[in-house]
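The structure appears right after this line, and notes come after that.
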There are 2 protein chains.
Amino acid sequence: MSQLIDIGKRAKKASMDIAALDIGLRNKALEQIAAAITENSAYILEQNEKDLVNAKENGMSTSMQDRLRLTRERILGIAEGVRKVIQLDDPLGEITSMKTRPNGLRIGAKRVPLGVIGIIYEARPNVTPDAAVLCLKAGNAVILRGGKEAIHSNIALANTMRNALKSLSLNPDMIQLIEDVSRETAHEMMRLNQYIDVLIPRGGAGLIRTVVETASIPVIQTGIGNCHIYVDKSADLKMAVNILYNAKCSRPSVCNAAESLLVHKDIAKEFLPLAKARLDEKKVELRGCERTAQLLPGIIPATEDDYYAEYNDYIMSVKVVDTIDQAIEHINQYNTKHSDAIVTSDYFAAQKFLDLVDSAAVYVNASTRFTDGYEFGFGAEIGISTQKLHARGPMGLKELTTIKYVIYGNGQIRE
Amino acid sequence: MSQLIDIGKRAKKASMDIAALDIGLRNKALEQIAAAITENSAYILEQNEKDLVNAKENGMSTSMQDRLRLTRERILGIAEGVRKVIQLDDPLGEITSMKTRPNGLRIGAKRVPLGVIGIIYEARPNVTPDAAVLCLKAGNAVILRGGKEAIHSNIALANTMRNALKSLSLNPDMIQLIEDVSRETAHEMMRLNQYIDVLIPRGGAGLIRTVVETASIPVIQTGIGNCHIYVDKSADLKMAVNILYNAKCSRPSVCNAAESLLVHKDIAKEFLPLAKARLDEKKVELRGCERTAQLLPGIIPATEDDYYAEYNDYIMSVKVVDTIDQAIEHINQYNTKHSDAIVTSDYFAAQKFLDLVDSAAVYVNASTRFTDGYEFGFGAEIGISTQKLHARGPMGLKELTTIKYVIYGNGQIRE
């Protein structure tokens, strides 16, 4: 039996065990995990140091090293995060829309765990506890497969959490880490339909694409954001500049940052110089269409690829459009169905944009940076779905559950 | 450009067009389709006859020929079905849980179409209008890919529907049929992520497996049912016999028919002869465990494969279990997560079964045959999901939709 099938079987068994735990016991497990992470911080840091030494030897960039690095403070932050998850309401058990059918059958939809969730991620070791804890809170077993760069940190974190479960006489296989970080094992995991109910990849566009193309397990695609700001002819230009600057510059490396600016032709002459002046504060490189170049002489011409790009950097594509319809058409062609915003004072323009832009989150007069589980009031976030099945936009605890129909009869048979 | 990419682009465009239609116009399109199908019945029957002639030449079984056959009556039934869909409420537009965040942002989840739905099916031409009409009602464009056995019927039906759309000056590409029924085209369709939002396969286990293993587009797995009846020690045995007979014999070829019987050891001696006597009416072949064989001498021994089998026939596997826990464990190992039932008079046994059996529909004291969109009161059904993402159990119009977050601001930026 391959190691992965063994992991799958254990996870399936553990998913039954955790599904039977009431919210008190699930929260107690999380308490124990938070305490264990704090207590074991020296051991976790020691293992993280091994990863950092390897990273330096392998010439990892300093920004990547920063993502990989744990500190005493960051570990305390992780434990604090676990305690916040404990405070959240139980997403399980509610039976909605229980109805009595004419034949007397009572049929209701009960919220239940998904079962076994697979998480595939890259070099951020904090995903290990963050994802595991959300899966457990929602009554699921989890199989974690992190990047090889963080393997020592991940093993330390996973062992710490598993020992915490053991200390409560709970099945430690509710959390399992795949320690063999070969590509073959990852591919095998993505096709383990018999044991894994859903795969959630967390990482860059390359990882997401590989998972979508390889997996036979249902996947929730997350986190690729080519977000747009469209400045309508009726926009309050000062508001538009503020929203643009915030969406582009407040944290350019994240998926809800804006990558592309569309401007209505009637206000382009007035707005573009204002926009450029503000974006110049962060030396944002603009790449524009011909009409943009006429108004902002000397800027780099935008190619077709620029309009598709998620730069994650201080770069932005710009296009002048004739109408709101053209803006919407452009967005629906080039966006990644993440987050897009219109700045407008026109009621009908606002409604049209909300109706016709095909994205997880469509904004009127606000920054795209708000697409986030915490900002949406979910209290937690496992990722931001950019597909349309099951979950769309920020995913909280509810998105880690499903329903089953429970049916109460008294001998009904079908004619 | 491949033909399929062209179809995909047209579908994407058409999905925008139909998303912009209000419910009045969508229903008007369905009215026109119902009328056109009735008016064109002679043409449709003539084309269906070509498929039937080919089927006979190719030695298709008579039961398969029956699935392929259209009659004047069946065509009127299809048109009648379309009119029933018109009566259903619009699944689109509702904004749920609109909340105002502390920063003043108003965030709500609006129900919107999925976009482009791909349907892959086999030799039943009635799927062509049934699936197309449900997709349209829910505001989606549809790409249909039926079996080659029904290609003439499908082309006739698709052309009829497309002409109906054209006659209202609507974009006919809201409904497209892939006329090239090669395996290569089907595989290309399953990986057309840029243009298709979700694939719903409808057919036998082989088709479903191929789609799950091949597709990179999100798939909703449907319709494979290895359903169980567990007769608890406290069961009303007369009720149990009735439910068993109904679940096994009322229509053995469908996915919600029972395939496996589990019996508590304390009542096996009394119950099994009663069950056999009733199932003998339809000459059901029983394949049992050793303890079953002791009580029903001469029956065929069950193999491991029998417990996994979806017979779709007058065959049933049987097993005597020591406890309800053993029954639940058996079900969770061998079932297909479709529908399973307990017959019991014990309150706690009923609750335990409902809580722990991992299926789309879990029954107490009723036949599994009720797992059906119409029986559940949905008014329509596109299939029965046996996976846990997005939809579980019978899928009606709502399951052909998704949400998007609409956010109303007045200049908010993120700190």
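Here, A, B, ... name the chains of the structure tokens in the order displayed, residue numbers run from 1 inside each chain, and ligands are numbered from 1 in the same displayed order.
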
Report as a short mmCIF file (atom, residue, chain, number, x, y, z; two decimals) with N, CA and C atoms, in the first residue's frame the set of chain A residues whose atoms approach chain B to within 8 Å, with distances computed over only C-alpha atoms.
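Output contents, as saved in selection-v5.cif:
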data_model
loop_
_atom_site.label_atom_id
_atom_site.label_comp_id
_atom_site.auth_asym_id
_atom_site.auth_seq_id
_atom_site.Cartn_x
_atom_site.Cartn_y
_atom_site.Cartn_z
N MET A 16 -14.50 10.65 10.29
CA MET A 16 -15.68 10.13 11.00
C MET A 16 -15.58 10.47 12.49
N ALA A 19 -16.22 14.21 12.96
CA ALA A 19 -17.61 14.56 12.68
C ALA A 19 -18.51 14.25 13.89
N ALA A 20 -18.08 13.32 14.71
CA ALA A 20 -18.89 12.93 15.87
C ALA A 20 -18.61 13.81 17.10
N ARG A 101 -43.54 17.16 3.19
CA ARG A 101 -44.09 16.92 1.86
C ARG A 101 -45.52 16.39 1.98
N ILE A 107 -38.38 16.59 5.17
CA ILE A 107 -37.07 16.65 4.51
C ILE A 107 -36.38 17.96 4.88
N LEU A 114 -17.36 18.65 5.26
CA LEU A 114 -17.05 18.13 3.92
C LEU A 114 -16.46 16.73 4.01
N ASP A 197 -12.11 14.65 -0.20
CA ASP A 197 -13.35 15.19 -0.76
C ASP A 197 -13.15 16.48 -1.52
N VAL A 198 -12.18 17.28 -1.14
CA VAL A 198 -11.94 18.54 -1.84
C VAL A 198 -10.49 18.97 -1.64
N VAL A 212 -5.37 22.53 -10.85
CA VAL A 212 -6.59 22.47 -11.67
C VAL A 212 -6.42 21.48 -12.82
N GLU A 213 -5.24 21.47 -13.43
CA GLU A 213 -5.03 20.60 -14.59
C GLU A 213 -4.79 19.14 -14.21
N THR A 214 -4.28 18.92 -13.00
CA THR A 214 -3.90 17.56 -12.62
C THR A 214 -4.96 16.83 -11.81
N ALA A 215 -5.66 17.58 -10.98
CA ALA A 215 -6.53 16.93 -9.99
C ALA A 215 -7.74 16.27 -10.62
N SER A 216 -8.13 15.13 -10.09
CA SER A 216 -9.44 14.56 -10.41
C SER A 216 -10.39 14.79 -9.23
N ILE A 217 -9.85 15.11 -8.07
CA ILE A 217 -10.65 15.52 -6.91
C ILE A 217 -11.22 16.91 -7.18
N PRO A 218 -12.45 17.19 -6.71
CA PRO A 218 -12.96 18.56 -6.85
C PRO A 218 -12.01 19.58 -6.21
N VAL A 219 -11.75 20.65 -6.94
CA VAL A 219 -10.81 21.68 -6.50
C VAL A 219 -11.56 22.99 -6.29
N MET A 239 -12.23 61.07 -4.91
CA MET A 239 -12.51 59.73 -4.39
C MET A 239 -11.83 58.67 -5.26
N ALA A 240 -11.89 58.88 -6.56
CA ALA A 240 -11.32 57.90 -7.48
C ALA A 240 -9.81 57.76 -7.27
N ASN A 242 -8.14 58.38 -4.51
CA ASN A 242 -7.92 57.70 -3.23
C ASN A 242 -8.13 56.19 -3.34
N ILE A 243 -9.22 55.81 -3.99
CA ILE A 243 -9.52 54.38 -4.12
C ILE A 243 -8.45 53.70 -4.98
N ASN A 246 -5.22 53.34 -2.99
CA ASN A 246 -5.36 52.30 -1.98
C ASN A 246 -5.35 50.91 -2.61
N ALA A 247 -6.10 50.76 -3.71
CA ALA A 247 -6.24 49.44 -4.33
C ALA A 247 -4.91 48.99 -4.93
N SER A 250 -1.62 49.88 -1.39
CA SER A 250 -1.59 49.58 0.05
C SER A 250 -0.91 48.24 0.32
N LEU A 354 -22.66 46.55 -11.31
CA LEU A 354 -22.94 45.46 -10.35
C LEU A 354 -23.60 44.27 -11.04
N ASP A 355 -24.50 44.57 -11.97
CA ASP A 355 -25.23 43.49 -12.64
C ASP A 355 -24.36 42.71 -13.62
N LEU A 356 -23.51 43.40 -14.36
CA LEU A 356 -22.90 42.76 -15.52
C LEU A 356 -21.45 42.33 -15.34
N SER A 359 -17.62 38.84 -11.51
CA SER A 359 -16.54 38.64 -10.56
C SER A 359 -17.10 38.19 -9.22
N ALA A 360 -16.23 37.64 -8.40
CA ALA A 360 -16.66 37.20 -7.07
C ALA A 360 -17.13 38.40 -6.24
N ALA A 361 -16.45 39.54 -6.38
CA ALA A 361 -16.83 40.73 -5.61
C ALA A 361 -16.83 41.93 -6.54
N VAL A 362 -17.96 42.61 -6.61
CA VAL A 362 -18.09 43.77 -7.48
C VAL A 362 -18.40 44.99 -6.61
N TYR A 363 -17.57 46.01 -6.71
CA TYR A 363 -17.62 47.16 -5.82
C TYR A 363 -18.12 48.42 -6.52
N VAL A 364 -18.87 49.22 -5.79
CA VAL A 364 -19.15 50.59 -6.20
C VAL A 364 -18.51 51.51 -5.18
N ASN A 365 -17.63 52.37 -5.65
CA ASN A 365 -17.04 53.41 -4.80
C ASN A 365 -16.34 52.87 -3.56
N ALA A 366 -15.55 51.81 -3.75
CA ALA A 366 -14.72 51.32 -2.66
C ALA A 366 -13.54 50.56 -3.25
N SER A 367 -12.51 50.41 -2.44
CA SER A 367 -11.29 49.75 -2.88
C SER A 367 -11.49 48.24 -2.97
N ARG A 369 -9.44 46.16 -2.21
CA ARG A 369 -8.67 45.55 -1.13
C ARG A 369 -9.54 44.96 -0.02
N PHE A 370 -10.84 45.24 -0.04
CA PHE A 370 -11.72 44.71 1.02
C PHE A 370 -12.13 43.26 0.81
N PHE A 376 -15.04 41.03 5.35
CA PHE A 376 -16.43 40.70 5.05
C PHE A 376 -17.19 40.27 6.30
N GLY A 377 -16.48 40.17 7.43
CA GLY A 377 -17.16 39.81 8.67
C GLY A 377 -17.30 38.33 8.91
N GLN A 387 -13.57 30.64 -8.51
CA GLN A 387 -14.43 29.83 -9.37
C GLN A 387 -15.86 30.01 -8.90
N LYS A 388 -16.78 29.38 -9.61
CA LYS A 388 -18.17 29.65 -9.30
C LYS A 388 -18.86 28.51 -8.57
N LEU A 389 -18.23 27.34 -8.54
CA LEU A 389 -18.86 26.22 -7.84
C LEU A 389 -18.59 26.30 -6.36
N HIS A 390 -19.61 25.99 -5.57
CA HIS A 390 -19.52 25.80 -4.12
C HIS A 390 -19.30 27.09 -3.36
N ALA A 391 -18.20 27.76 -3.66
CA ALA A 391 -17.87 28.97 -2.91
C ALA A 391 -17.36 30.00 -3.89
N ARG A 392 -17.70 31.25 -3.64
CA ARG A 392 -17.21 32.33 -4.49
C ARG A 392 -16.77 33.46 -3.57
N GLY A 393 -15.60 34.01 -3.85
CA GLY A 393 -15.08 35.07 -2.98
C GLY A 393 -14.50 34.50 -1.71
N THR A 402 -20.70 21.15 3.96
CA THR A 402 -21.66 20.85 2.91
C THR A 402 -23.00 20.57 3.60
N ILE A 403 -23.98 20.10 2.86
CA ILE A 403 -25.22 19.70 3.51
C ILE A 403 -25.48 18.23 3.22
N LYS A 404 -26.30 17.63 4.05
CA LYS A 404 -26.90 16.36 3.64
C LYS A 404 -28.38 16.46 3.96
N TYR A 405 -29.19 15.78 3.14
CA TYR A 405 -30.63 15.77 3.40
C TYR A 405 -30.92 14.70 4.44
N VAL A 406 -31.66 15.11 5.48
CA VAL A 406 -32.13 14.15 6.48
C VAL A 406 -33.64 14.05 6.30
N ILE A 407 -34.13 12.81 6.24
CA ILE A 407 -35.53 12.58 5.91
C ILE A 407 -36.18 11.69 6.95
N TYR A 408 -37.24 12.21 7.57
CA TYR A 408 -37.97 11.48 8.60
C TYR A 408 -39.26 10.94 7.99
N GLY A 409 -39.41 9.62 8.04
CA GLY A 409 -40.62 9.02 7.49
C GLY A 409 -41.34 8.17 8.51
N ASN A 410 -42.47 7.63 8.10
CA ASN A 410 -43.14 6.63 8.94
C ASN A 410 -43.67 5.50 8.07
N GLY A 411 -42.80 5.07 7.17
CA GLY A 411 -43.14 3.92 6.33
C GLY A 411 -43.44 4.27 4.89
N GLN A 412 -43.15 5.50 4.48
CA GLN A 412 -43.49 5.92 3.11
C GLN A 412 -42.78 5.07 2.04
N ILE A 413 -43.52 4.71 1.02
CA ILE A 413 -42.94 4.09 -0.16
C ILE A 413 -43.42 4.89 -1.38
N ARG A 414 -42.63 4.79 -2.47
CA ARG A 414 -42.94 5.61 -3.64
C ARG A 414 -43.85 4.83 -4.58
N GLU A 415 -44.91 5.49 -5.00
CA GLU A 415 -45.87 4.82 -5.91
C GLU A 415 -45.23 4.63 -7.27
#

Contact residues around Gln47 in chain B with only C-alpha atoms at 8 Å, ignoring same-chain residues under 5 positions, as a PyMOL selection string = chain B and resi 152-153+156

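CA of Val142 in chain A sits 16.1 Å away from CA of Glu188 in chain A.
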
Report the residues of range 190-249 of chain B whose backbone DSSP state falls under strand (DSSP E), written as a VMD selection string.
-> chain B and resid 198 to 202 227 to 231

Restricting the output to N, CA and C atoms, write the selected residues as an mmCIF file, in the first residue's frame.
data_model
loop_
_atom_site.group_PDB
_atom_site.id
_atom_site.type_symbol
_atom_site.label_atom_id
_atom_site.label_comp_id
_atom_site.auth_asym_id
_atom_site.auth_seq_id
_atom_site.Cartn_x
_atom_site.Cartn_y
_atom_site.Cartn_z
ATOM 1 N N VAL B 198 -18.830 24.927 -15.553
ATOM 2 C CA VAL B 198 -19.074 23.680 -14.829
ATOM 3 C C VAL B 198 -19.547 22.614 -15.811
ATOM 4 N N LEU B 199 -19.141 21.399 -15.545
ATOM 5 C CA LEU B 199 -19.552 20.253 -16.364
ATOM 6 C C LEU B 199 -20.458 19.366 -15.529
ATOM 7 N N ILE B 200 -21.585 18.969 -16.113
ATOM 8 C CA ILE B 200 -22.457 18.012 -15.432
ATOM 9 C C ILE B 200 -22.612 16.794 -16.340
ATOM 10 N N PRO B 201 -21.969 15.690 -15.989
ATOM 11 C CA PRO B 201 -22.169 14.477 -16.776
ATOM 12 C C PRO B 201 -23.446 13.776 -16.326
ATOM 13 N N ARG B 202 -24.196 13.256 -17.289
ATOM 14 C CA ARG B 202 -25.398 12.481 -16.950
ATOM 15 C C ARG B 202 -25.349 11.153 -17.683
ATOM 16 N N CYS B 227 -27.299 2.097 -2.968
ATOM 17 C CA CYS B 227 -28.100 2.503 -1.809
ATOM 18 C C CYS B 227 -28.406 1.313 -0.896
ATOM 19 N N HIS B 228 -28.450 1.602 0.404
ATOM 20 C CA HIS B 228 -28.630 0.554 1.409
ATOM 21 C C HIS B 228 -29.950 0.700 2.169
ATOM 22 N N ILE B 229 -30.516 -0.453 2.520
ATOM 23 C CA ILE B 229 -31.594 -0.493 3.511
ATOM 24 C C ILE B 229 -31.055 -1.261 4.713
ATOM 25 N N TYR B 230 -31.015 -0.590 5.874
ATOM 26 C CA TYR B 230 -30.602 -1.281 7.098
ATOM 27 C C TYR B 230 -31.832 -1.498 7.965
ATOM 28 N N VAL B 231 -32.086 -2.778 8.287
ATOM 29 C CA VAL B 231 -33.239 -3.115 9.127
ATOM 30 C C VAL B 231 -32.732 -3.352 10.544
#

d(CA of Ser253 in chain A, CA of Val320 in chain A) in Å |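 Between CA of Ser253 in chain A and CA of Val320 in chain A the gap is 25.0 Å.
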
Kindly provide the residues of range 313-386 of chain A that approach range 67-88 of chain A to within 12 Å, each paired with its closest atom pair and their distance in Å to one decimal, based on only C-alpha atoms, listed by chain and increasing number, as CSV.
residue,atom,partner,partner_atom,distance
A:Tyr374,CA,A:Lys84,CA,11.3
A:Gly377,CA,A:Leu88,CA,11.0
A:Phe378,CA,A:Leu88,CA,8.8
A:Gly379,CA,A:Leu88,CA,6.9
A:Ala380,CA,A:Val85,CA,7.0
A:Glu381,CA,A:Val85,CA,10.0
A:Ile382,CA,A:Val85,CA,11.6

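Taking CA of Val263 in chain A and CA of Lys319 in chain A as the two end points, the separation is 6.3 Å.
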
Give the helix (DSSP H, G or I) residues of range 178-283 of chain B, as assigned by DSSP on the backbone, as an MDAnalysis selection string.
-> chainID B and resid 183:190 205:214 237:249 265:282

Next, dump the selected residues to file, keeping only N, CA and C atoms, as a compact mmCIF listing (two decimals), in the first residue's frame.
# COMPACT_ATOMS: atom_id res chain seq x y z
N ARG B 183 -14.51 11.11 -29.57
CA ARG B 183 -13.98 11.09 -28.20
C ARG B 183 -13.02 12.26 -27.98
N GLU B 184 -12.25 12.59 -29.02
CA GLU B 184 -11.27 13.69 -28.88
C GLU B 184 -11.98 15.00 -28.55
N THR B 185 -13.08 15.25 -29.25
CA THR B 185 -13.81 16.49 -29.01
C THR B 185 -14.37 16.51 -27.59
N ALA B 186 -14.85 15.36 -27.14
CA ALA B 186 -15.38 15.30 -25.77
C ALA B 186 -14.28 15.64 -24.77
N HIS B 187 -13.09 15.07 -24.99
CA HIS B 187 -11.98 15.33 -24.07
C HIS B 187 -11.58 16.81 -24.12
N GLU B 188 -11.57 17.37 -25.33
CA GLU B 188 -11.22 18.79 -25.45
C GLU B 188 -12.24 19.63 -24.69
N MET B 189 -13.50 19.26 -24.82
CA MET B 189 -14.56 20.00 -24.11
C MET B 189 -14.33 19.97 -22.60
N MET B 190 -13.88 18.81 -22.09
CA MET B 190 -13.73 18.67 -20.63
C MET B 190 -12.60 19.53 -20.06
N ALA B 205 -21.92 4.79 -14.87
CA ALA B 205 -20.71 4.92 -14.05
C ALA B 205 -19.47 5.15 -14.92
N GLY B 206 -19.42 4.53 -16.09
CA GLY B 206 -18.25 4.67 -16.95
C GLY B 206 -18.08 6.11 -17.42
N LEU B 207 -19.17 6.71 -17.87
CA LEU B 207 -19.13 8.10 -18.32
C LEU B 207 -18.70 9.03 -17.19
N ILE B 208 -19.32 8.84 -16.03
CA ILE B 208 -19.00 9.72 -14.90
C ILE B 208 -17.51 9.63 -14.56
N ARG B 209 -17.01 8.38 -14.54
CA ARG B 209 -15.60 8.19 -14.18
C ARG B 209 -14.69 8.88 -15.19
N THR B 210 -14.99 8.70 -16.47
CA THR B 210 -14.17 9.34 -17.51
C THR B 210 -14.14 10.85 -17.33
N VAL B 211 -15.31 11.43 -17.08
CA VAL B 211 -15.37 12.89 -16.94
C VAL B 211 -14.57 13.34 -15.72
N VAL B 212 -14.76 12.66 -14.58
CA VAL B 212 -14.05 13.04 -13.36
C VAL B 212 -12.54 12.96 -13.56
N GLU B 213 -12.10 11.90 -14.26
CA GLU B 213 -10.66 11.70 -14.42
C GLU B 213 -10.05 12.62 -15.48
N THR B 214 -10.86 13.03 -16.45
CA THR B 214 -10.33 13.79 -17.58
C THR B 214 -10.47 15.30 -17.41
N LEU B 237 -41.28 -4.97 11.27
CA LEU B 237 -40.82 -5.83 10.17
C LEU B 237 -41.73 -5.74 8.94
N LYS B 238 -42.99 -5.49 9.17
CA LYS B 238 -43.90 -5.34 8.02
C LYS B 238 -43.53 -4.07 7.23
N MET B 239 -43.30 -2.99 7.98
CA MET B 239 -42.86 -1.75 7.32
C MET B 239 -41.53 -1.98 6.59
N ALA B 240 -40.64 -2.71 7.24
CA ALA B 240 -39.32 -2.96 6.65
C ALA B 240 -39.46 -3.71 5.33
N VAL B 241 -40.33 -4.73 5.29
CA VAL B 241 -40.53 -5.50 4.06
C VAL B 241 -41.08 -4.59 2.96
N ASN B 242 -42.04 -3.74 3.30
CA ASN B 242 -42.62 -2.84 2.30
C ASN B 242 -41.59 -1.86 1.75
N ILE B 243 -40.82 -1.28 2.64
CA ILE B 243 -39.80 -0.31 2.21
C ILE B 243 -38.75 -1.01 1.35
N LEU B 244 -38.31 -2.18 1.80
CA LEU B 244 -37.30 -2.94 1.05
C LEU B 244 -37.81 -3.25 -0.35
N TYR B 245 -39.03 -3.76 -0.43
CA TYR B 245 -39.58 -4.15 -1.73
C TYR B 245 -39.70 -2.92 -2.64
N ASN B 246 -40.18 -1.83 -2.08
CA ASN B 246 -40.31 -0.60 -2.88
C ASN B 246 -38.94 -0.11 -3.36
N ALA B 247 -37.97 -0.10 -2.44
CA ALA B 247 -36.66 0.45 -2.76
C ALA B 247 -35.94 -0.42 -3.80
N LYS B 248 -36.13 -1.73 -3.72
CA LYS B 248 -35.45 -2.62 -4.66
C LYS B 248 -36.21 -2.76 -5.96
N CYS B 249 -37.53 -2.92 -5.89
CA CYS B 249 -38.27 -3.43 -7.05
C CYS B 249 -39.10 -2.41 -7.81
N LYS B 265 -28.57 -8.76 13.57
CA LYS B 265 -28.57 -10.21 13.85
C LYS B 265 -29.77 -10.65 14.70
N ASP B 266 -30.24 -9.78 15.59
CA ASP B 266 -31.31 -10.20 16.51
C ASP B 266 -32.64 -10.47 15.81
N ILE B 267 -32.84 -9.87 14.63
CA ILE B 267 -34.10 -10.08 13.93
C ILE B 267 -33.91 -10.78 12.59
N ALA B 268 -32.66 -11.16 12.30
CA ALA B 268 -32.36 -11.73 10.98
C ALA B 268 -33.17 -13.01 10.74
N LYS B 269 -33.26 -13.83 11.77
CA LYS B 269 -33.93 -15.13 11.61
C LYS B 269 -35.41 -14.94 11.25
N GLU B 270 -36.03 -13.95 11.84
CA GLU B 270 -37.45 -13.71 11.54
C GLU B 270 -37.60 -12.92 10.24
N PHE B 271 -36.72 -11.91 10.06
CA PHE B 271 -36.93 -10.98 8.94
C PHE B 271 -36.51 -11.55 7.59
N LEU B 272 -35.37 -12.21 7.52
CA LEU B 272 -34.85 -12.60 6.20
C LEU B 272 -35.82 -13.48 5.40
N PRO B 273 -36.47 -14.47 6.02
CA PRO B 273 -37.45 -15.25 5.23
C PRO B 273 -38.62 -14.40 4.73
N LEU B 274 -39.06 -13.44 5.55
CA LEU B 274 -40.15 -12.54 5.11
C LEU B 274 -39.69 -11.70 3.91
N ALA B 275 -38.47 -11.18 4.02
CA ALA B 275 -37.92 -10.35 2.94
C ALA B 275 -37.81 -11.15 1.66
N LYS B 276 -37.26 -12.36 1.80
CA LYS B 276 -37.06 -13.19 0.60
C LYS B 276 -38.40 -13.52 -0.05
N ALA B 277 -39.38 -13.86 0.76
CA ALA B 277 -40.70 -14.23 0.21
C ALA B 277 -41.24 -13.08 -0.64
N ARG B 278 -41.09 -11.84 -0.13
CA ARG B 278 -41.62 -10.69 -0.87
C ARG B 278 -40.80 -10.40 -2.13
N LEU B 279 -39.48 -10.47 -1.99
CA LEU B 279 -38.61 -10.18 -3.15
C LEU B 279 -38.73 -11.27 -4.21
N ASP B 280 -39.13 -12.46 -3.79
CA ASP B 280 -39.34 -13.54 -4.75
C ASP B 280 -40.42 -13.18 -5.78
N GLU B 281 -41.33 -12.32 -5.39
CA GLU B 281 -42.38 -11.89 -6.35
C GLU B 281 -41.76 -11.36 -7.64
N LYS B 282 -40.59 -10.72 -7.50
CA LYS B 282 -39.91 -10.19 -8.69
C LYS B 282 -38.66 -11.01 -9.00

Selection near Leu397 in chain A, 7 Å with only C-alpha atoms, sequence-local residues under 4 positions removed, as a short mmCIF file (atom, residue, chain, number, x, y, z; two decimals) with C-alpha atoms, in the first residue's frame:
data_model
loop_
_atom_site.label_atom_id
_atom_site.label_comp_id
_atom_site.auth_asym_id
_atom_site.auth_seq_id
_atom_site.Cartn_x
_atom_site.Cartn_y
_atom_site.Cartn_z
CA PRO A 91 -20.85 26.17 11.40
CA LEU A 134 -10.18 26.01 10.29
CA ALA A 138 -15.67 22.84 10.68
#

With only C-alpha atoms as the basis for distance, which of A:Ala309, A:Ala327, A:Val116, A:Cys289 is at the shortest distance from Tyr195 in chain A?
->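 Nearest candidate to Tyr195 in chain A out of A:Ala309, A:Ala327, A:Val116, A:Cys289: A:Val116.
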
Out of B:Ile384, B:Gln176, B:Ala29, B:Gln194, which residue has the shortest atom-to-atom distance to Asn335 in chain A when counting only C-alpha atoms?
->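 Selected residue with least distance to Asn335 in chain A: B:Gln194.
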